[in-house]
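> Before we start, here is the structure in question, set down as structure tokens.
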Amino acid sequence: MNVSWMIAYQTIVKKEFVRFARIWIQTILPSVITIFLYITIFGNFIGDRIGNIKNFSYVDYIIPGLILMPIITNSYMNVVGSFYSSRFQKSCEELLVAPVPNWVILLGYISGGVLRAFVVSIAVYFVTTLFTKMPIHNIYFVILITFLTAFLFSTAGFINAAYAKSFDDINIVPTFILAPLTYLGGTFYSIDALPQIWQDISLVNPIAYIVSSYRYAFLGLEETNILLAVLIIVTFIIILFIIALIILAKGIGIKN
Amino acid sequence: MKNAVDIVKLNKIYRNGFRALENINLSIKKGDFFAFLGPNGAGKSTVIGIMSSLVRITSGKVSVFGKDIQDNPDFAKRNIGLVPQEYNLNQFIPIQEIMINVAGYFGINKHDAKYRASKLFHQLGIWEKRFDTPRELSGGMKRRLMIARALIHKPKILILDEPTAGVDTELRLTMWDFFQEINNNGVTIILTTHYLEEAERLCKNLAIIHKGSIIQNSSMDEVYNLRKEHTYIIKTANIINQKLNISEFSHKLIDAHTIEVTVDNNISITQIIEKLKYLDVNVMNIISKRNRLEELFMELTKEEPIT
Ligand SMILES: Nc1ncnc2c1ncn2[C@@H]1O[C@H](COP(=O)(O)OP(=O)(O)OP(=O)(O)O)[C@@H](O)[C@H]1O
Ligand SMILES: [Mg+2]
């Protein structure tokens with residue numbers, strides 16, 4: 001990276017950070033409130049009746065997944081929202097007329113999404129500590145999975161933004177794809193307790209791998225092959241990143 | 001000396017299949033103040049979009065200071081500053097921050113960016129608004145902001161796509177001075193406008209594009225010499241109520257104090273006045289009916305009657 005690109009990259013990231021920080025009531029607060037509700041309802045009211053899963057209290061068992069959900073939605077929504085609105089206002093032209101390589105633009109937007117995911121996940125984690133003193137099995141692994149997950153869904157958000165034709169289009173994927181995959185990804189239950197058919201379906205759900213590796217990072221509970229899970233996430237990142245670069249090179253959604 | 005811009009056999013077909021440019025050839029000299037004219041929908045913004053990397057080339061070649069913009073996009077981008085026709089401002093960012101961000105995209109650090117922004121904001125009279133967002137600016141202020149933004153990286157070519165649209169007379173005059181000063185400092189300016197007197201006043205050379213093809217490319221002086229005749233509107237002191245007896249040029253009476261005369265280019269205004277004086281007509285005031293550029297423009301771009 002030469003100096004000029006470095007400055008360009010920092011500028012994009014800073015702009016992205018300022019954007020979501022300025023509207024924190026829309027970007028940070030909802031996830032904090034949601035996790036509060038989830039833990040209160042599922043963790044306390046319902047969790048007490050469920051009892052332990054694999055030697056962990058129900059609330060501890062679901063917390064990794066509960067932290068993962070806002071990481072997924074926030075990274076995705078940050079990039080899709082920011083990039084689409086810059087297309088909508090045409091202010092993305094500021095970047096297109098400047099000597100910024102496509103990969104720097106892409107990395108800048110993704111970094112914005114990753115940054116928001118970290119801010120939100122830290123906030124959300126602190127909420128969980130009000131309810132339970134859950135151990136962290138491997139903090140580095142927590143950071144790694146947080147980073148990879150945020151990177152993946154930020155990239156996906158970028159692709160969505162390039163194809164979106166209206167503000168409605170940016171909610172389709174989160175509502176119809178991400179939410180179901182997350183709920184079916186084993187956040188609230190252990191996948192190996194499911195009937196075989198649902199276990200098979202979960203095998204092709206990338207979010208299921210992420211949830212279980214995150215659960216491993218927090219609880220040390222090995223539900224899948226962790227290395228395989230990381231490999232799958234990285235593979236998805238590489239594929240989506242290349243797709244996003246092709247989109248930028250072809251100018252889809254941004255150049256006539 | 002290399003040209004600022006060379007366009008060779010440029011074609012553009014939009015994604016929907018619309019052919020916007022057809023084999024355009026155009027050269028713009030370094031240091032020129034170049035008028036790029038044409039009726040609505042002629043293809044001006046398309047050409048400008050291509051020069052500034054916002055629109056993809058279908059075929060053909062565009063070079064900036066001798067370097068192909070597709071092979072050296074960064075070189076072209078560093079040399080070009082664009083003021084687009086339509087507002088493309090982020091509505092939520094304070095305008096000083098917009099300037100710093102755009103400077104950052106060009107690799108300019110914040111300290112220098114702030115300094116340059118403040119200088120440009122002062123020059124363009126929007127310094128007081130630096131903490132406001134574009135939403136809080138008037139149309140004319142937004143135009144000035146876009147001009148400031150286009151200059152933040154000190155480009156050698158400034159492209160102005162209708163910069164004075166919706167700008168009041170006073171501001172327009174200050175903008176003209178501003179552009180003139182930039183041009184005097186060696187910046188090549190490409191100006192698109194529908195105010196032909198603006199082009200006439202500022203530009204040295206011009207091209208007229210019509211339906212995606214260049215139909216005129218010459219110096220402003222040539223335009224003056226191109227047309228054989230010119231029409232003047234003359235206000236007279238005395239009342240004229242019948243046709244005058246003139247053989248040197250044709251004329252018609254508009255009202256009792258107004259005559260319209262059409263003369264050959266080689267007849268001077270003095271000759272017209274003297275001739276009228278000889279006929280006991282006292283000239284109060286004489287103006288061109290249309291300016292010459294306007295006459296040429298109308299002639300070249302007039303629609304063929306449907307047969
Ligand atoms: N994105 C696009 N897709 C399809 N056609 C387009 C697109 N942009 C412009 N055109 C068409 O290309 C032609 C030239 O448009 P352009 O904007 O270059 O005109 P212009 O000379 O700048 O006009 P104006 O003076 O009105 O700004 C028009 O017929 C327009 O409809
Ligand atoms: Mg235009």
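Labels for the structure tokens follow display order: chains A, B, ..., residues from 1 in each chain, ligands from 1.
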Once you count only C-alpha atoms, which residues of chain B turn out to be within 8 Å of chain A? Could you give them as a list of chain:residue names?
B:Tyr14, B:Arg15, B:Ser52, B:Ser53, B:Leu54, B:Val55, B:Arg56, B:Pro73, B:Asp74, B:Phe75, B:Lys77, B:Arg78, B:Leu82, B:Tyr87, B:Asn88, B:Leu89, B:Asn90, B:Gln91, B:Asn101, B:Val102, B:Gly104, B:Tyr105, B:Phe106, B:Gly107, B:Ile108, B:Asn109
> Taking the DSSP assignment computed from this structure's backbone, write out as a PyMOL selection string all residues of region 210-281 of chain B that belong to helix (DSSP H, G or I).
chain B and resi 220-226+269-278
> Please extract the residues at most 9 Å from ligand 2, counting only C-alpha atoms and all ligand atoms, and provide them as a ChimeraX atom specification, using the chain letters and residue numbers of this document.
/B:40-46,48,84-86,161-162,192-193
> Any chance you could export the current selection's all heavy atoms as an mmCIF file, in the first residue's frame?

```cif
data_model
loop_
_atom_site.group_PDB
_atom_site.id
_atom_site.type_symbol
_atom_site.label_atom_id
_atom_site.label_comp_id
_atom_site.auth_asym_id
_atom_site.auth_seq_id
_atom_site.Cartn_x
_atom_site.Cartn_y
_atom_site.Cartn_z
ATOM 1 N N ASN B 40 -29.866 20.057 -25.113
ATOM 2 C CA ASN B 40 -30.156 19.025 -24.102
ATOM 3 C C ASN B 40 -30.090 17.644 -24.731
ATOM 4 O O ASN B 40 -30.620 17.427 -25.815
ATOM 5 C CB ASN B 40 -31.557 19.214 -23.511
ATOM 6 C CG ASN B 40 -31.634 20.408 -22.575
ATOM 7 O OD1 ASN B 40 -32.552 21.210 -22.662
ATOM 8 N ND2 ASN B 40 -30.691 20.535 -21.689
ATOM 9 N N GLY B 41 -29.450 16.750 -24.017
ATOM 10 C CA GLY B 41 -29.407 15.361 -24.485
ATOM 11 C C GLY B 41 -28.432 15.107 -25.617
ATOM 12 O O GLY B 41 -28.427 14.032 -26.218
ATOM 13 N N ALA B 42 -27.571 16.074 -25.918
ATOM 14 C CA ALA B 42 -26.649 15.921 -27.049
ATOM 15 C C ALA B 42 -25.530 14.933 -26.754
ATOM 16 O O ALA B 42 -25.000 14.294 -27.658
ATOM 17 C CB ALA B 42 -26.061 17.283 -27.409
ATOM 18 N N GLY B 43 -25.164 14.826 -25.485
ATOM 19 C CA GLY B 43 -24.080 13.902 -25.120
ATOM 20 C C GLY B 43 -22.929 14.570 -24.383
ATOM 21 O O GLY B 43 -21.877 13.961 -24.186
ATOM 22 N N LYS B 44 -23.115 15.804 -23.967
ATOM 23 C CA LYS B 44 -22.040 16.534 -23.281
ATOM 24 C C LYS B 44 -21.640 15.846 -21.981
ATOM 25 O O LYS B 44 -20.469 15.565 -21.748
ATOM 26 C CB LYS B 44 -22.490 17.977 -22.963
ATOM 27 C CG LYS B 44 -22.918 18.775 -24.180
ATOM 28 C CD LYS B 44 -23.357 20.176 -23.798
ATOM 29 C CE LYS B 44 -24.619 20.241 -22.943
ATOM 30 N NZ LYS B 44 -25.842 19.760 -23.605
ATOM 31 N N SER B 45 -22.637 15.590 -21.143
ATOM 32 C CA SER B 45 -22.312 14.977 -19.851
ATOM 33 C C SER B 45 -21.758 13.570 -20.034
ATOM 34 O O SER B 45 -20.979 13.101 -19.198
ATOM 35 C CB SER B 45 -23.552 14.937 -18.959
ATOM 36 O OG SER B 45 -23.990 16.246 -18.693
ATOM 37 N N THR B 46 -22.155 12.918 -21.099
ATOM 38 C CA THR B 46 -21.619 11.587 -21.367
ATOM 39 C C THR B 46 -20.118 11.674 -21.632
ATOM 40 O O THR B 46 -19.325 10.908 -21.062
ATOM 41 C CB THR B 46 -22.353 10.953 -22.570
ATOM 42 O OG1 THR B 46 -23.746 10.934 -22.284
ATOM 43 C CG2 THR B 46 -21.858 9.554 -22.833
ATOM 44 N N ILE B 48 -18.135 14.066 -20.720
ATOM 45 C CA ILE B 48 -17.501 14.494 -19.467
ATOM 46 C C ILE B 48 -17.392 13.323 -18.491
ATOM 47 O O ILE B 48 -16.364 13.132 -17.837
ATOM 48 C CB ILE B 48 -18.293 15.674 -18.864
ATOM 49 C CG1 ILE B 48 -18.015 16.926 -19.694
ATOM 50 C CG2 ILE B 48 -17.956 15.887 -17.394
ATOM 51 C CD1 ILE B 48 -18.899 18.102 -19.361
ATOM 52 N N PRO B 84 -19.739 18.238 -11.420
ATOM 53 C CA PRO B 84 -20.778 17.575 -12.207
ATOM 54 C C PRO B 84 -22.027 18.436 -12.351
ATOM 55 O O PRO B 84 -22.223 19.404 -11.615
ATOM 56 C CB PRO B 84 -21.078 16.318 -11.393
ATOM 57 C CG PRO B 84 -20.721 16.665 -10.005
ATOM 58 C CD PRO B 84 -19.609 17.665 -10.081
ATOM 59 N N GLN B 85 -22.830 18.047 -13.317
ATOM 60 C CA GLN B 85 -24.059 18.795 -13.573
ATOM 61 C C GLN B 85 -25.040 18.628 -12.420
ATOM 62 O O GLN B 85 -25.688 19.574 -11.997
ATOM 63 C CB GLN B 85 -24.676 18.278 -14.870
ATOM 64 C CG GLN B 85 -25.995 18.920 -15.234
ATOM 65 C CD GLN B 85 -26.489 18.447 -16.593
ATOM 66 O OE1 GLN B 85 -25.932 17.544 -17.199
ATOM 67 N NE2 GLN B 85 -27.539 19.069 -17.072
ATOM 68 N N GLU B 86 -25.139 17.388 -11.928
ATOM 69 C CA GLU B 86 -26.096 17.135 -10.848
ATOM 70 C C GLU B 86 -25.385 17.075 -9.502
ATOM 71 O O GLU B 86 -24.262 16.607 -9.415
ATOM 72 C CB GLU B 86 -26.823 15.813 -11.104
ATOM 73 C CG GLU B 86 -27.913 15.977 -12.143
ATOM 74 C CD GLU B 86 -28.468 14.638 -12.576
ATOM 75 O OE1 GLU B 86 -28.814 13.838 -11.695
ATOM 76 O OE2 GLU B 86 -28.523 14.399 -13.788
ATOM 77 N N ASP B 161 -19.438 21.131 -15.667
ATOM 78 C CA ASP B 161 -20.652 20.730 -16.378
ATOM 79 C C ASP B 161 -21.816 21.602 -15.887
ATOM 80 O O ASP B 161 -22.413 21.327 -14.852
ATOM 81 C CB ASP B 161 -20.941 19.243 -16.141
ATOM 82 C CG ASP B 161 -21.918 18.677 -17.169
ATOM 83 O OD1 ASP B 161 -22.557 19.469 -17.877
ATOM 84 O OD2 ASP B 161 -22.038 17.437 -17.250
ATOM 85 N N GLU B 162 -22.085 22.641 -16.620
ATOM 86 C CA GLU B 162 -23.133 23.616 -16.277
ATOM 87 C C GLU B 162 -22.976 24.164 -14.854
ATOM 88 O O GLU B 162 -23.885 24.062 -14.028
ATOM 89 C CB GLU B 162 -24.522 23.007 -16.471
ATOM 90 C CG GLU B 162 -24.725 22.561 -17.910
ATOM 91 C CD GLU B 162 -26.161 22.191 -18.226
ATOM 92 O OE1 GLU B 162 -27.068 22.701 -17.556
ATOM 93 O OE2 GLU B 162 -26.357 21.401 -19.152
ATOM 94 N N THR B 192 -19.173 23.460 -19.916
ATOM 95 C CA THR B 192 -20.433 23.191 -20.590
ATOM 96 C C THR B 192 -21.459 24.173 -20.054
ATOM 97 O O THR B 192 -21.518 24.409 -18.841
ATOM 98 C CB THR B 192 -20.861 21.750 -20.295
ATOM 99 O OG1 THR B 192 -20.095 20.895 -21.125
ATOM 100 C CG2 THR B 192 -22.307 21.531 -20.613
ATOM 101 N N THR B 193 -22.204 24.771 -20.950
ATOM 102 C CA THR B 193 -23.200 25.735 -20.495
ATOM 103 C C THR B 193 -24.266 25.920 -21.568
ATOM 104 O O THR B 193 -24.033 25.661 -22.739
ATOM 105 C CB THR B 193 -22.546 27.097 -20.176
ATOM 106 O OG1 THR B 193 -23.532 27.999 -19.734
ATOM 107 C CG2 THR B 193 -21.833 27.685 -21.378
#
```
> When DSSP is applied to the backbone of this structure, which of region 45-220 of chain A are assigned strand (DSSP E)? Write them out as a PyMOL selection string.
chain A and resi 52-53+56-57
> At a cut-off of 7 Å, using only C-alpha atoms, what residues contact region 205-217 of chain A? Leave out same-chain residues fewer than 3 positions from it and give the result as an MDAnalysis selection string.
chainID A and resid 64:65 136:139 141:142 145 181:182 185:187 201:202 220:224 226 229
> Please report the interatomic distance between CA of Thr258 (chain B) and CA of Ile239 (chain B) in Å with one decimal.
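Between these atoms lies a distance of 8.8 Å.
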> So that I can check the surroundings of His251 (chain B), please list as a list in words every protein, DNA and RNA residue that reaches within 7 Å of it, counting only C-alpha atoms and ignoring chain neighbours fewer than 3 positions away.
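So, after excluding close chain neighbours, the residues are Ile259, Glu260, Val261 and Thr262 of chain B.
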> Smallest atom-to-atom distance to ligand 1: which of B:His230, B:His111, B:His194, B:Arg201, using only C-alpha atoms and all ligand atoms?
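Among the listed residues, B:His194 lies closest to ligand 1.
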> To one decimal place in Å, what is the distance between CA of Lys54 (chain A) and CA of Leu184 (chain A)?
19.1 Å
> Skipping near chain neighbours, those fewer than 2 positions away, what residues fall within 9 Å of region 282-296 of chain B using only C-alpha atoms, listed as a PyMOL selection string?
chain B and resi 196-197+199-200+220+223-224+226-227+230-238+260+269+273+276-277+279-280+298-301
